[in-house]
file run_20.cif (mmCIF, C-alpha atoms)
data_final
loop_
_atom_site.label_atom_id
_atom_site.label_comp_id
_atom_site.auth_asym_id
_atom_site.auth_seq_id
_atom_site.Cartn_x
_atom_site.Cartn_y
_atom_site.Cartn_z
CA MET F 1140 15.93 2.21 131.20
CA ASN F 1141 18.41 1.10 133.84
CA ASP F 1142 18.47 -2.27 135.50
CA VAL F 1143 16.79 -1.24 138.72
CA GLU F 1144 13.84 0.37 136.96
CA SER F 1145 13.28 -2.55 134.64
CA HIS F 1146 13.17 -4.88 137.63
CA ASN F 1147 10.59 -2.68 139.29
CA ASP F 1148 8.38 -3.15 136.25
CA LEU F 1149 8.15 -6.85 136.98
CA ALA F 1150 5.28 -7.94 139.20
CA VAL F 1151 6.76 -11.43 139.46
CA HIS F 1152 10.40 -12.40 139.05
CA PHE F 1153 11.78 -15.93 139.55
CA GLU F 1154 15.49 -16.51 139.12
CA GLY F 1155 16.85 -20.06 139.08
CA VAL F 1156 14.24 -21.33 141.50
CA GLY F 1157 14.35 -24.99 142.52
CA LYS F 1158 12.50 -27.30 144.88
CA ARG F 1159 13.29 -30.98 145.39
CA TYR F 1160 10.93 -33.72 146.45
CA HIS F 1161 11.46 -37.42 146.58
CA HIS F 1162 9.78 -38.15 143.25
CA PHE F 1163 9.57 -34.70 141.71
CA ALA F 1164 11.85 -31.72 141.28
CA LEU F 1165 11.20 -28.18 140.13
CA GLU F 1166 14.38 -27.04 138.41
CA LYS F 1167 15.87 -23.70 137.36
CA ILE F 1168 12.56 -21.89 137.09
CA ASN F 1169 12.95 -18.43 135.53
CA LEU F 1170 9.85 -16.28 135.17
CA GLU F 1171 9.34 -12.61 134.38
CA LEU F 1172 5.86 -11.13 134.49
CA PRO F 1173 5.67 -7.39 133.64
CA THR F 1174 3.23 -5.19 135.55
CA GLY F 1175 -0.03 -4.65 133.68
CA SER F 1176 -0.10 -7.92 131.77
CA ILE F 1177 -1.65 -11.37 131.99
CA MET F 1178 0.40 -14.53 131.96
CA GLY F 1179 -1.12 -17.89 131.14
CA PHE F 1180 0.80 -20.68 132.82
CA ILE F 1181 0.19 -23.92 130.96
CA GLY F 1182 1.23 -27.45 131.79
CA PRO F 1183 -0.11 -30.98 132.00
CA ASN F 1184 -1.30 -32.32 135.35
CA GLY F 1185 1.64 -32.87 137.68
CA ALA F 1186 3.98 -30.59 135.67
CA GLY F 1187 4.70 -28.30 138.62
CA LYS F 1188 2.17 -25.48 138.09
CA SER F 1189 0.75 -25.55 141.60
CA THR F 1190 4.17 -26.01 143.22
CA THR F 1191 5.44 -22.92 141.36
CA ILE F 1192 2.37 -20.94 142.40
CA ARG F 1193 2.77 -22.03 146.03
CA ILE F 1194 6.37 -20.83 146.02
CA LEU F 1195 5.22 -17.54 144.47
CA MET F 1196 2.72 -17.14 147.34
CA GLY F 1197 5.31 -17.98 149.99
CA LEU F 1198 3.29 -21.06 150.98
CA LEU F 1199 6.27 -23.25 150.09
CA HIS F 1200 9.93 -22.34 150.52
CA GLN F 1201 12.24 -22.83 147.56
CA ASP F 1202 15.51 -24.76 148.08
CA ALA F 1203 17.37 -22.57 145.59
CA GLY F 1204 17.00 -19.29 143.70
CA ALA F 1205 15.36 -15.92 144.32
CA VAL F 1206 11.66 -15.02 144.15
CA ARG F 1207 10.49 -11.41 144.07
CA VAL F 1208 6.79 -10.57 144.02
CA LEU F 1209 5.66 -6.91 143.82
CA GLY F 1210 9.17 -5.92 144.79
CA ARG F 1211 9.23 -8.13 147.92
CA ASN F 1212 11.47 -11.09 148.59
CA MET F 1213 9.62 -14.34 149.07
CA PRO F 1214 9.12 -16.07 151.38
CA ASP F 1215 10.74 -13.61 153.87
CA GLU F 1216 8.47 -10.66 153.13
CA GLN F 1217 5.33 -12.64 152.39
CA ALA F 1218 3.15 -10.94 154.99
CA ALA F 1219 3.66 -7.52 153.36
CA ALA F 1220 3.39 -8.91 149.81
CA LYS F 1221 0.14 -10.75 150.52
CA MET F 1222 -1.72 -7.55 151.34
CA ASP F 1223 -1.53 -6.82 147.62
CA ILE F 1224 -2.03 -10.33 146.22
CA GLY F 1225 -5.37 -11.97 145.58
CA PHE F 1226 -5.11 -15.75 145.44
CA VAL F 1227 -7.72 -18.24 144.27
CA SER F 1228 -7.05 -21.96 144.05
CA GLU F 1229 -9.21 -25.02 143.65
CA ASP F 1230 -8.61 -26.37 147.13
CA MET F 1231 -9.26 -23.03 148.79
CA ARG F 1232 -11.40 -23.70 151.84
CA LEU F 1233 -14.33 -21.49 152.62
CA TYR F 1234 -16.42 -22.28 155.71
CA GLY F 1235 -19.23 -24.49 154.51
CA ALA F 1236 -21.56 -23.59 157.33
CA ALA F 1237 -21.20 -19.82 156.82
CA PRO F 1238 -22.94 -17.82 154.11
CA LEU F 1239 -21.06 -15.82 151.48
CA ARG F 1240 -22.02 -12.54 153.20
CA TRP F 1241 -20.16 -13.68 156.34
CA HIS F 1242 -17.02 -14.32 154.24
CA MET F 1243 -17.32 -10.90 152.64
CA GLU F 1244 -17.47 -9.21 156.06
CA PHE F 1245 -14.53 -11.29 157.26
CA VAL F 1246 -12.27 -10.42 154.32
CA ARG F 1247 -13.37 -6.79 154.53
CA SER F 1248 -12.24 -6.64 158.19
CA ILE F 1249 -8.72 -7.73 157.22
CA TYR F 1250 -8.11 -5.75 154.01
CA PRO F 1251 -8.60 -1.98 154.27
CA ARG F 1252 -8.83 -1.58 150.48
CA TRP F 1253 -11.96 -3.78 150.26
CA ASP F 1254 -14.35 -2.17 147.76
CA GLN F 1255 -17.93 -2.80 148.93
CA PRO F 1256 -19.78 -1.30 145.92
CA TYR F 1257 -17.61 -3.41 143.59
CA ALA F 1258 -18.32 -6.51 145.73
CA GLU F 1259 -22.08 -5.86 145.44
CA GLU F 1260 -21.66 -5.36 141.68
CA LEU F 1261 -19.82 -8.70 141.41
CA LEU F 1262 -22.60 -10.47 143.36
CA ARG F 1263 -25.00 -9.32 140.68
CA ARG F 1264 -22.74 -10.09 137.73
CA PHE F 1265 -21.84 -13.55 139.04
CA ASP F 1266 -25.46 -14.19 139.96
CA LEU F 1267 -24.58 -15.14 143.56
CA LYS F 1268 -26.86 -14.95 146.60
CA PRO F 1269 -24.94 -13.66 149.64
CA GLU F 1270 -27.30 -15.34 152.13
CA GLN F 1271 -26.61 -18.80 150.74
CA LYS F 1272 -24.31 -21.07 152.76
CA ILE F 1273 -21.11 -22.14 151.02
CA LYS F 1274 -21.92 -25.84 151.36
CA GLY F 1275 -25.05 -25.33 149.27
CA LEU F 1276 -23.15 -23.82 146.34
CA SER F 1277 -22.27 -25.62 143.11
CA HIS F 1278 -18.63 -25.91 142.03
CA GLY F 1279 -19.01 -22.99 139.63
CA GLN F 1280 -20.65 -20.81 142.29
CA ARG F 1281 -17.87 -21.63 144.74
CA VAL F 1282 -15.19 -20.57 142.24
CA LYS F 1283 -17.05 -17.35 141.54
CA ALA F 1284 -17.49 -16.72 145.30
CA ALA F 1285 -13.74 -17.19 145.88
CA LEU F 1286 -12.99 -14.93 142.94
CA LEU F 1287 -15.35 -12.25 144.27
CA LEU F 1288 -13.57 -12.32 147.65
CA ALA F 1289 -10.21 -11.86 145.89
CA LEU F 1290 -11.31 -9.25 143.32
CA ALA F 1291 -13.15 -6.93 145.76
CA ARG F 1292 -9.86 -6.40 147.62
CA ARG F 1293 -8.56 -4.81 144.41
CA PRO F 1294 -5.19 -6.53 144.72
CA ARG F 1295 -2.30 -5.40 142.51
CA LEU F 1296 -1.54 -9.02 141.63
CA LEU F 1297 -4.10 -11.77 141.07
CA VAL F 1298 -2.83 -15.34 141.21
CA LEU F 1299 -5.34 -17.91 140.04
CA ASP F 1300 -4.67 -21.62 140.09
CA GLU F 1301 -6.90 -23.26 137.46
CA PRO F 1302 -9.69 -20.69 137.78
CA THR F 1303 -11.75 -21.99 134.86
CA THR F 1304 -11.41 -25.74 135.44
CA GLY F 1305 -14.79 -27.43 135.78
CA LEU F 1306 -16.81 -24.31 134.97
CA ASP F 1307 -19.71 -24.40 132.55
CA PRO F 1308 -19.37 -22.18 129.44
CA VAL F 1309 -21.47 -19.34 130.86
CA ALA F 1310 -19.55 -19.21 134.16
CA ARG F 1311 -16.25 -19.42 132.27
CA HIS F 1312 -17.26 -16.48 130.15
CA GLU F 1313 -18.22 -14.45 133.24
CA VAL F 1314 -14.89 -15.20 134.91
CA LEU F 1315 -12.79 -14.33 131.84
CA ALA F 1316 -14.78 -11.10 131.37
CA GLU F 1317 -14.05 -10.06 134.96
CA LEU F 1318 -10.35 -10.83 134.54
CA MET F 1319 -10.15 -8.61 131.46
CA ALA F 1320 -12.02 -5.85 133.31
CA VAL F 1321 -9.26 -5.91 135.95
CA LEU F 1322 -6.68 -5.25 133.25
CA ALA F 1323 -8.33 -1.94 132.36
CA ASP F 1324 -6.10 -0.65 135.17
CA GLU F 1325 -2.57 -0.93 133.84
CA GLN F 1326 -1.04 -1.18 137.30
CA ARG F 1327 -2.62 -4.55 137.90
CA THR F 1328 -1.26 -7.94 136.90
CA ILE F 1329 -2.67 -11.46 136.58
CA LEU F 1330 -1.04 -14.86 136.56
CA PHE F 1331 -3.28 -17.82 135.96
CA SER F 1332 -2.61 -21.48 135.41
CA SER F 1333 -4.73 -23.68 133.22
CA HIS F 1334 -4.74 -26.68 131.01
CA ASN F 1335 -7.51 -25.12 128.95
CA THR F 1336 -5.42 -23.51 126.20
CA LEU F 1337 -8.44 -21.81 124.62
CA ASP F 1338 -8.95 -19.55 127.67
CA VAL F 1339 -5.26 -18.80 127.80
CA GLU F 1340 -5.05 -18.07 124.09
CA GLN F 1341 -7.79 -15.49 124.24
CA ILE F 1342 -6.76 -13.30 127.15
CA SER F 1343 -3.03 -13.84 127.81
CA ASP F 1344 -0.22 -11.50 126.86
CA GLN F 1345 2.49 -13.90 127.92
CA ILE F 1346 2.52 -17.67 127.77
CA THR F 1347 4.72 -19.99 129.79
CA PHE F 1348 4.77 -23.74 129.21
CA ILE F 1349 5.89 -26.03 132.01
CA ASP F 1350 6.44 -29.80 131.86
CA ARG F 1351 8.11 -32.23 134.24
CA GLY F 1352 9.23 -29.49 136.60
CA ARG F 1353 10.91 -27.33 133.96
CA ILE F 1354 9.90 -24.27 131.97
CA ILE F 1355 10.06 -25.44 128.37
CA ASP F 1356 9.15 -22.18 126.65
CA SER F 1357 8.04 -18.68 127.62
CA ASP F 1358 7.24 -15.74 125.33
CA ASP F 1359 4.72 -13.18 124.11
CA LYS F 1360 1.61 -14.96 122.87
CA GLU F 1361 1.79 -13.23 119.49
CA ILE F 1362 5.32 -14.55 118.99
CA PHE F 1363 4.19 -18.12 119.61
CA LEU F 1364 1.28 -17.77 117.21
CA ASP F 1365 3.51 -16.12 114.58
CA ARG F 1366 6.47 -18.45 114.59
CA TRP F 1367 4.81 -21.85 114.76
CA ARG F 1368 3.55 -23.15 111.43
CA ARG F 1369 2.84 -26.42 109.73
CA LEU F 1370 4.05 -26.55 106.11
CA ARG F 1371 2.49 -29.08 103.79
CA LEU F 1372 4.89 -29.81 100.95
CA GLN F 1373 4.91 -31.75 97.74
CA LEU F 1374 8.31 -33.10 96.69
CA PRO F 1375 9.41 -34.05 93.17
CA PRO F 1376 10.08 -37.80 92.65
CA ASP F 1377 13.23 -38.71 94.62
CA GLY F 1378 13.28 -35.20 96.10
CA ALA F 1379 14.66 -34.73 99.59
CA VAL F 1380 12.85 -32.88 102.38
CA PRO F 1381 14.35 -29.35 102.34
CA LYS F 1382 16.39 -28.37 105.38
CA LEU F 1383 14.57 -25.47 106.99
CA PRO F 1384 15.31 -23.62 110.22
CA GLY F 1385 13.49 -24.58 113.40
CA VAL F 1386 11.92 -27.78 112.09
CA ILE F 1387 10.95 -29.85 115.10
CA GLU F 1388 8.84 -32.51 113.48
CA VAL F 1389 8.53 -34.11 110.06
CA GLY F 1390 5.30 -36.01 109.49
CA GLY F 1391 3.14 -36.87 106.51
CA SER F 1392 4.18 -39.38 103.90
CA GLY F 1393 7.07 -39.78 101.42
CA ARG F 1394 6.40 -37.17 98.74
CA LEU F 1395 3.88 -35.25 100.84
CA PRO F 1396 5.75 -34.36 104.02
CA VAL F 1397 4.34 -32.09 106.74
CA LEU F 1398 6.92 -29.98 108.55
CA THR F 1399 6.34 -28.30 111.91
CA THR F 1400 8.60 -25.31 112.54
CA ASN F 1401 8.89 -22.88 115.45
CA ARG F 1402 10.89 -20.32 113.46
CA PHE F 1403 8.58 -19.60 110.56
CA GLU F 1404 9.16 -16.66 108.24
CA PRO F 1405 7.29 -15.96 105.01
CA ALA F 1406 10.60 -16.22 103.09
CA MET F 1407 10.62 -19.95 103.89
CA VAL F 1408 7.97 -20.55 101.24
CA TYR F 1409 10.27 -19.16 98.55
CA ALA F 1410 13.23 -21.09 99.95
CA CYS F 1411 11.22 -24.32 99.59
CA ASN F 1412 10.32 -23.52 96.00
CA GLU F 1413 13.99 -22.86 95.23
CA LEU F 1414 14.82 -26.28 96.62
CA GLY F 1415 12.30 -27.90 94.29
CA ALA F 1416 9.54 -28.51 96.83
CA THR F 1417 6.07 -27.04 96.29
CA VAL F 1418 4.46 -25.53 99.37
CA GLN F 1419 0.83 -26.59 99.22
CA ALA F 1420 -0.27 -24.94 102.42
CA VAL F 1421 1.05 -23.06 105.41
CA ASP F 1422 -1.19 -23.80 108.39
CA THR F 1423 -1.34 -21.66 111.50
CA MET F 1424 -1.41 -23.62 114.75
CA THR F 1425 -3.59 -23.20 117.81
CA LEU F 1426 -1.96 -22.73 121.18
CA GLU F 1427 -3.01 -26.25 122.06
CA GLU F 1428 -1.19 -27.71 119.06
CA ILE F 1429 1.87 -25.59 119.86
CA PHE F 1430 1.77 -26.74 123.47
CA VAL F 1431 1.55 -30.43 122.59
CA ALA F 1432 4.29 -30.21 119.92
CA ASN F 1433 6.50 -28.29 122.36
CA VAL F 1434 6.06 -30.84 125.16
CA GLN F 1435 6.75 -33.75 122.81
CA ARG F 1436 9.84 -32.07 121.40
CA LYS F 1437 11.30 -31.46 124.88
CA ARG F 1438 10.49 -34.98 126.08
CA THR F 1439 12.19 -36.53 123.03
CA GLN F 1440 15.21 -34.28 123.59
CA GLU F 1441 15.47 -35.31 127.23
CA GLU F 1442 15.21 -38.96 126.39
CA ARG F 1443 17.92 -38.58 123.76
CA GLU F 1444 20.17 -36.83 126.29
CA GLU F 1445 19.60 -39.62 128.79
CA VAL F 1446 20.67 -42.17 126.19
CA THR F 1447 23.87 -40.29 125.29
CA VAL F 1448 24.73 -39.77 129.00
CA MET V 1113 -19.19 0.00 123.43
CA HIS V 1114 -17.01 -1.64 120.77
CA SER V 1115 -18.72 -4.99 120.95
CA ASP V 1116 -19.65 -4.54 117.30
CA ILE V 1117 -16.23 -6.01 116.57
CA VAL V 1118 -16.62 -9.77 116.72
CA ILE V 1119 -13.75 -12.15 117.32
CA SER V 1120 -14.35 -15.69 116.18
CA GLN V 1121 -12.48 -18.58 117.78
CA SER V 1122 -13.29 -20.86 114.88
CA ASP V 1123 -12.09 -18.42 112.23
CA GLY V 1124 -8.78 -19.87 111.08
CA ARG V 1125 -7.06 -16.48 111.06
CA PRO V 1126 -5.17 -15.03 114.01
CA MET V 1127 -7.20 -12.74 116.26
CA TYR V 1128 -5.09 -9.67 115.44
CA GLN V 1129 -5.93 -10.07 111.73
CA GLN V 1130 -9.63 -10.32 112.50
CA ILE V 1131 -9.40 -7.09 114.50
CA MET V 1132 -7.45 -5.37 111.69
CA GLU V 1133 -9.94 -6.40 109.06
CA GLN V 1134 -12.94 -5.17 111.03
CA ILE V 1135 -11.29 -1.85 111.86
CA LYS V 1136 -10.45 -1.39 108.16
CA GLN V 1137 -14.04 -2.05 107.20
CA ARG V 1138 -15.25 0.51 109.73
CA VAL V 1139 -12.82 3.05 108.32
CA ALA V 1140 -13.70 2.16 104.72
CA VAL V 1141 -17.43 2.75 105.24
CA GLY V 1142 -16.76 5.88 107.29
CA GLU V 1143 -18.14 4.56 110.59
CA TRP V 1144 -14.79 5.47 112.08
CA ALA V 1145 -14.29 8.90 110.50
CA ARG V 1146 -10.98 10.17 109.15
CA GLY V 1147 -8.94 11.95 111.77
CA ALA V 1148 -11.27 10.75 114.56
CA GLU V 1149 -9.94 9.40 117.83
CA ILE V 1150 -10.18 5.63 118.24
CA PRO V 1151 -10.19 3.57 121.48
CA SER V 1152 -6.86 3.05 123.25
CA ILE V 1153 -5.25 -0.37 122.96
CA ARG V 1154 -6.20 -1.25 126.53
CA GLN V 1155 -9.79 -0.01 126.15
CA LEU V 1156 -10.35 -2.09 123.05
CA ALA V 1157 -8.69 -5.15 124.63
CA VAL V 1158 -10.99 -4.95 127.65
CA ALA V 1159 -14.06 -4.39 125.45
CA LEU V 1160 -13.25 -7.34 123.18
CA GLN V 1161 -11.92 -9.50 126.02
CA VAL V 1162 -8.73 -10.29 124.17
CA SER V 1163 -5.22 -9.70 125.42
CA VAL V 1164 -3.60 -6.28 125.26
CA ILE V 1165 -0.73 -7.66 123.22
CA THR V 1166 -3.11 -8.89 120.49
CA VAL V 1167 -4.72 -5.47 120.06
CA LYS V 1168 -1.29 -3.83 120.20
CA ARG V 1169 -0.19 -6.05 117.34
CA ALA V 1170 -3.27 -5.10 115.28
CA TYR V 1171 -2.65 -1.37 115.88
CA LEU V 1172 1.04 -1.65 114.95
CA GLU V 1173 0.19 -3.34 111.65
CA LEU V 1174 -2.59 -0.84 110.92
CA GLU V 1175 -0.14 1.96 111.56
CA ARG V 1176 2.41 0.39 109.24
CA GLU V 1177 -0.27 0.25 106.55
CA GLY V 1178 -1.12 3.89 107.11
CA VAL V 1179 -4.69 3.25 108.27
CA ILE V 1180 -4.23 4.78 111.71
CA LEU V 1181 -1.75 7.14 113.34
CA THR V 1182 -0.50 6.73 116.88
CA GLN V 1183 0.71 9.86 118.63
CA HIS V 1184 2.94 9.13 121.56
CA GLY V 1185 1.06 9.70 124.80
CA LYS V 1186 -2.04 10.91 122.95
CA GLY V 1187 -3.60 7.71 121.68
CA SER V 1188 -4.52 6.78 118.14
CA ILE V 1189 -6.58 8.37 115.39
CA VAL V 1190 -7.79 7.26 111.97
CA ALA V 1191 -5.33 8.56 109.37
CA PRO V 1192 -6.60 11.70 107.56
CA ASP V 1193 -6.24 9.84 104.25
CA PRO V 1194 -6.31 6.10 104.76
CA GLY V 1195 -7.08 5.48 101.03
CA LEU V 1196 -8.73 2.24 101.99
CA GLY V 1197 -11.58 1.62 99.57
CA GLN V 1198 -9.35 0.89 96.61
CA ARG V 1199 -6.66 -0.86 98.63
CA LEU V 1200 -9.04 -3.27 100.38
CA TYR V 1201 -10.30 -4.54 97.01
CA ASP V 1202 -6.76 -4.66 95.64
CA GLU V 1203 -5.65 -6.84 98.52
CA GLU V 1204 -8.63 -9.12 98.11
CA LEU V 1205 -7.94 -9.45 94.38
CA ASP V 1206 -4.28 -10.27 95.06
CA ALA V 1207 -5.29 -12.99 97.49
CA HIS V 1208 -7.62 -14.59 94.93
CA ILE V 1209 -5.02 -14.38 92.17
CA GLU V 1210 -2.56 -16.12 94.45
CA GLN V 1211 -5.10 -18.93 94.89
CA VAL V 1212 -5.52 -19.12 91.10
CA ALA V 1213 -1.75 -19.45 90.69
CA ARG V 1214 -1.55 -22.12 93.40
CA LEU V 1215 -4.41 -24.23 92.02
CA GLY V 1216 -3.11 -23.75 88.50
CA ALA V 1217 0.26 -25.15 89.54
CA LEU V 1218 -1.48 -28.05 91.28
CA LEU V 1219 -3.41 -28.89 88.08
CA GLY V 1220 -0.34 -28.33 85.90
CA LEU V 1221 -1.88 -25.44 83.96
CA GLY V 1222 0.44 -22.99 82.20
CA PRO V 1223 0.06 -19.17 82.39
CA ASP V 1224 -1.69 -19.06 78.99
CA GLN V 1225 -4.25 -21.64 80.01
CA LEU V 1226 -4.89 -19.74 83.25
CA ALA V 1227 -5.19 -16.46 81.35
CA SER V 1228 -7.78 -17.94 78.98
CA ARG V 1229 -9.77 -19.30 81.95
CA VAL V 1230 -9.74 -15.82 83.52
CA GLN V 1231 -10.82 -14.36 80.17
CA GLU V 1232 -13.68 -16.86 79.99
CA ALA V 1233 -14.83 -15.99 83.50
CA THR V 1234 -14.67 -12.26 82.72
CA ASP V 1235 -16.73 -12.75 79.55
CA GLN V 1236 -19.35 -14.76 81.41
CA PHE V 1237 -19.56 -12.13 84.15
CA ILE V 1238 -20.05 -9.32 81.64
CA ALA V 1239 -22.63 -11.33 79.68
CA ALA V 1240 -24.55 -12.08 82.88
CA ARG V 1241 -24.50 -8.43 83.91
CA LEU V 1242 -25.72 -7.32 80.47
CA ALA V 1243 -28.54 -9.86 80.67
CA VAL V 1244 -29.64 -8.48 84.05
CA GLN V 1245 -29.46 -4.92 82.76
CA GLY V 1246 -31.43 -5.94 79.68
CA ALA V 1247 -34.12 -7.57 81.81
CA ASP V 1248 -34.25 -4.48 84.03
CA ALA V 1249 -34.60 -2.21 81.01
CA ALA V 1250 -37.36 -4.43 79.57
CA ARG V 1251 -39.22 -4.36 82.90
CA THR V 1252 -38.93 -0.57 83.12
CA THR V 1253 -40.28 -0.17 79.58
CA LYS V 1254 -43.13 -2.52 80.37
CA GLU V 1255 -43.99 -0.63 83.58
CA GLN V 1256 -43.99 2.66 81.69
CA GLU V 1257 -46.41 1.30 79.10
#
call {"tool": "encode", "arguments": {"input": "run_20.cif", "output": "structure tokens"}}
result
Amino acid sequence: MNDVESHNDLAVHFEGVGKRYHHFALEKINLELPTGSIMGFIGPNGAGKSTTIRILMGLLHQDAGAVRVLGRNMPDEQAAAKMDIGFVSEDMRLYGAAPLRWHMEFVRSIYPRWDQPYAEELLRRFDLKPEQKIKGLSHGQRVKAALLLALARRPRLLVLDEPTTGLDPVARHEVLAELMAVLADEQRTILFSSHNTLDVEQISDQITFIDRGRIIDSDDKEIFLDRWRRLRLQLPPDGAVPKLPGVIEVGGSGRLPVLTTNRFEPAMVYACNELGATVQAVDTMTLEEIFVANVQRKRTQEEREEVTV
Amino acid sequence: MHSDIVISQSDGRPMYQQIMEQIKQRVAVGEWARGAEIPSIRQLAVALQVSVITVKRAYLELEREGVILTQHGKGSIVAPDPGLGQRLYDEELDAHIEQVARLGALLGLGPDQLASRVQEATDQFIAARLAVQGADAARTTKEQE
């Protein structure tokens, strides 16, 4: 595959993107999201998730770097790109005084690819009443209404800023199910941000962690879940903790240390035994544990760098 | 459609392993027949509501183990001879033996001590089975009388 083709396979491509504010800076953001996959974009509050998404949508202009979305340069070609992007965010304003049906007609008049039978199907699946005014809807119903308006356009790229935040378990399940249904078509792509790692863990192909305005890690989900492990060891009296690759944290107590590594391989267990340490358990880690350990590692690193500078 | 495969979030094992295990069981009991076509990676991902990459991982490992065959551009089928029945039990036995070795080491038991414990357990199992068979035989005789 040549370079041009491989770039065409990316629905979203950020290269060295930056944006400076007085108290916050987004720095050197690189993102690659292949067509046909789902990326979960995870970060604590204030990490830069929404800023990144706003740049992706052309709502904010980057100070540095290049942004390509569905083959279009952002923000210059945003009008053309937006015909194919469905965007749902928490602060999206629908007209409170108008019913959902009115919104459906409005969106339908703008986007020629609006799929009315699918919209009706979503009304039923999301248990929404089209005659109800937006101001009478609960938070969960509002999110589902906004999602319906985006999905029925059948956009090639769905960008969802915290779509599951504040939803009850049933509504969350309905939303995740609809997102997966979209992926049945391999030409369609989803990027969604969340701080609920459980949602992300289940449906994402790619995971990107962001903290303090920087991408701290980005990879296939399976790679994260495969390489991060916690090893519980037992050392002989006066034994030293074995030096293993990728160890980012040593916890536990004296002769019973607990090592966290992000470069686990099964051969490590034998290596430990050779070095005189008994491996009592190798624990897999949830995405949430990986996320927290990753953020803490990067923050410690930064603080160390600041001290040496 | 394929919702008979259940993914548990509280199961400690990775999702791809849960998918592998349940596919193997279906193949072992013949629910997914030898040589039969199985769902595409994307179809199964959508049905189970897990990511495409997770199902892809499960299929790759199943292919490596010879349980399924993936023909480029044609989808996947169950291998004509997956030889699973025996192998599934073998794998399970290996896993338990590994636990025995680990716990033995923890308790400071030597190989001989472990072997005699295994012997004891085997004897007990056989004795228990004979007792059940004996009781069954006695009941049958009684019923015939």
call {"tool": "residues_around", "arguments": {"input": "run_20.cif", "residues": "F:Arg1371", "least_positions_apart": "3", "cutoff": "8 Å", "atoms": "all atoms listed in the file", "output": "list in words"}}
result
Leu1395, Pro1396, Val1397, Leu1398, Val1418, Gln1419, Ala1420, Val1421 and Asp1422 of chain F
call {"tool": "atom_distance", "arguments": {"input": "run_20.cif", "atom1": "atom CA of F:Arg1207", "atom2": "atom CA of F:Ala1220"}}
result
9.5 Å
call {"tool": "interface_residues", "arguments": {"input": "run_20.cif", "of": "chain V", "to": "chain F", "cutoff": "7 Å", "atoms": "all atoms listed in the file", "output": "ChimeraX atom specification"}}
result
/V:1154-1155,1158,1161-1166
call {"tool": "resolve_selection", "arguments": {"input": "run_20.cif", "expression": "the PyMOL selection byres ((chain F and resi 1234-1240) around 8)", "output": "PyMOL selection string"}}
result
chain F and resi 1232-1233+1241-1244+1268-1275+1284
call {"tool": "atom_distance", "arguments": {"input": "run_20.cif", "atom1": "atom CA of V:Ile1189", "atom2": "atom CA of V:Ile1131"}}
result
15.7 Å
call {"tool": "residues_around", "arguments": {"input": "run_20.cif", "residues": "stretch 1148-1150 of chain V", "least_positions_apart": "4", "cutoff": "8 Å", "atoms": "only C-alpha atoms", "output": "mmCIF file with C-alpha atoms, in the frame of the given file"}}
result
data_model
loop_
_atom_site.group_PDB
_atom_site.id
_atom_site.type_symbol
_atom_site.label_atom_id
_atom_site.label_comp_id
_atom_site.auth_asym_id
_atom_site.auth_seq_id
_atom_site.Cartn_x
_atom_site.Cartn_y
_atom_site.Cartn_z
ATOM 1 C CA TRP V 1144 -14.790 5.470 112.080
ATOM 2 C CA GLY V 1187 -3.600 7.710 121.680
ATOM 3 C CA SER V 1188 -4.520 6.780 118.140
ATOM 4 C CA ILE V 1189 -6.580 8.370 115.390
ATOM 5 C CA VAL V 1190 -7.790 7.260 111.970
#
call {"tool": "atom_distance", "arguments": {"input": "run_20.cif", "atom1": "atom CA of F:Glu1388", "atom2": "atom CA of F:Arg1443"}}
result
15.0 Å
call {"tool": "residues_around", "arguments": {"input": "run_20.cif", "residues": "V:Met1132", "least_positions_apart": "5", "cutoff": "8 Å", "atoms": "only C-alpha atoms", "output": "ChimeraX atom specification"}}
result
/V:1170-1171,1173-1174
call {"tool": "write_last_selection", "arguments": {"input": "run_20.cif", "atoms": "C-alpha atoms", "output": "PDB file, keeping the file's coordinate frame"}}
result
ATOM      1  CA  ALA V1170      -3.270  -5.100 115.280  1.00  0.00           C
ATOM      2  CA  TYR V1171      -2.650  -1.370 115.880  1.00  0.00           C
ATOM      3  CA  GLU V1173       0.190  -3.340 111.650  1.00  0.00           C
ATOM      4  CA  LEU V1174      -2.590  -0.840 110.920  1.00  0.00           C
TER       5      LEU V1174
END
call {"tool": "residues_around", "arguments": {"input": "run_20.cif", "residues": "F:Ile1362", "least_positions_apart": "5", "cutoff": "10 Å", "atoms": "only C-alpha atoms", "output": "mmCIF file with C-alpha atoms, in the frame of the given file"}}
result
data_model
loop_
_atom_site.group_PDB
_atom_site.id
_atom_site.type_symbol
_atom_site.label_atom_id
_atom_site.label_comp_id
_atom_site.auth_asym_id
_atom_site.auth_seq_id
_atom_site.Cartn_x
_atom_site.Cartn_y
_atom_site.Cartn_z
ATOM 1 C CA GLN F 1345 2.490 -13.900 127.920
ATOM 2 C CA ILE F 1346 2.520 -17.670 127.770
ATOM 3 C CA SER F 1357 8.040 -18.680 127.620
ATOM 4 C CA TRP F 1367 4.810 -21.850 114.760
ATOM 5 C CA ASN F 1401 8.890 -22.880 115.450
ATOM 6 C CA ARG F 1402 10.890 -20.320 113.460
#
call {"tool": "resolve_selection", "arguments": {"input": "run_20.cif", "expression": "the PyMOL selection byres ((chain F and resi 1209) around 8)", "output": "VMD selection string"}}
result
chain F and resid 1147 1149 to 1151 1207 to 1208 1210 to 1211 1220 1296
call {"tool": "residues_near_point", "arguments": {"input": "run_20.cif", "point": "(-13.5, -0.8, 109.5)", "cutoff": "12 Å", "atoms": "all atoms listed in the file", "output": "PyMOL selection string"}}
result
chain V and resi 1114+1116-1118+1130-1146+1150+1174+1179-1180+1190+1194+1196-1197+1200
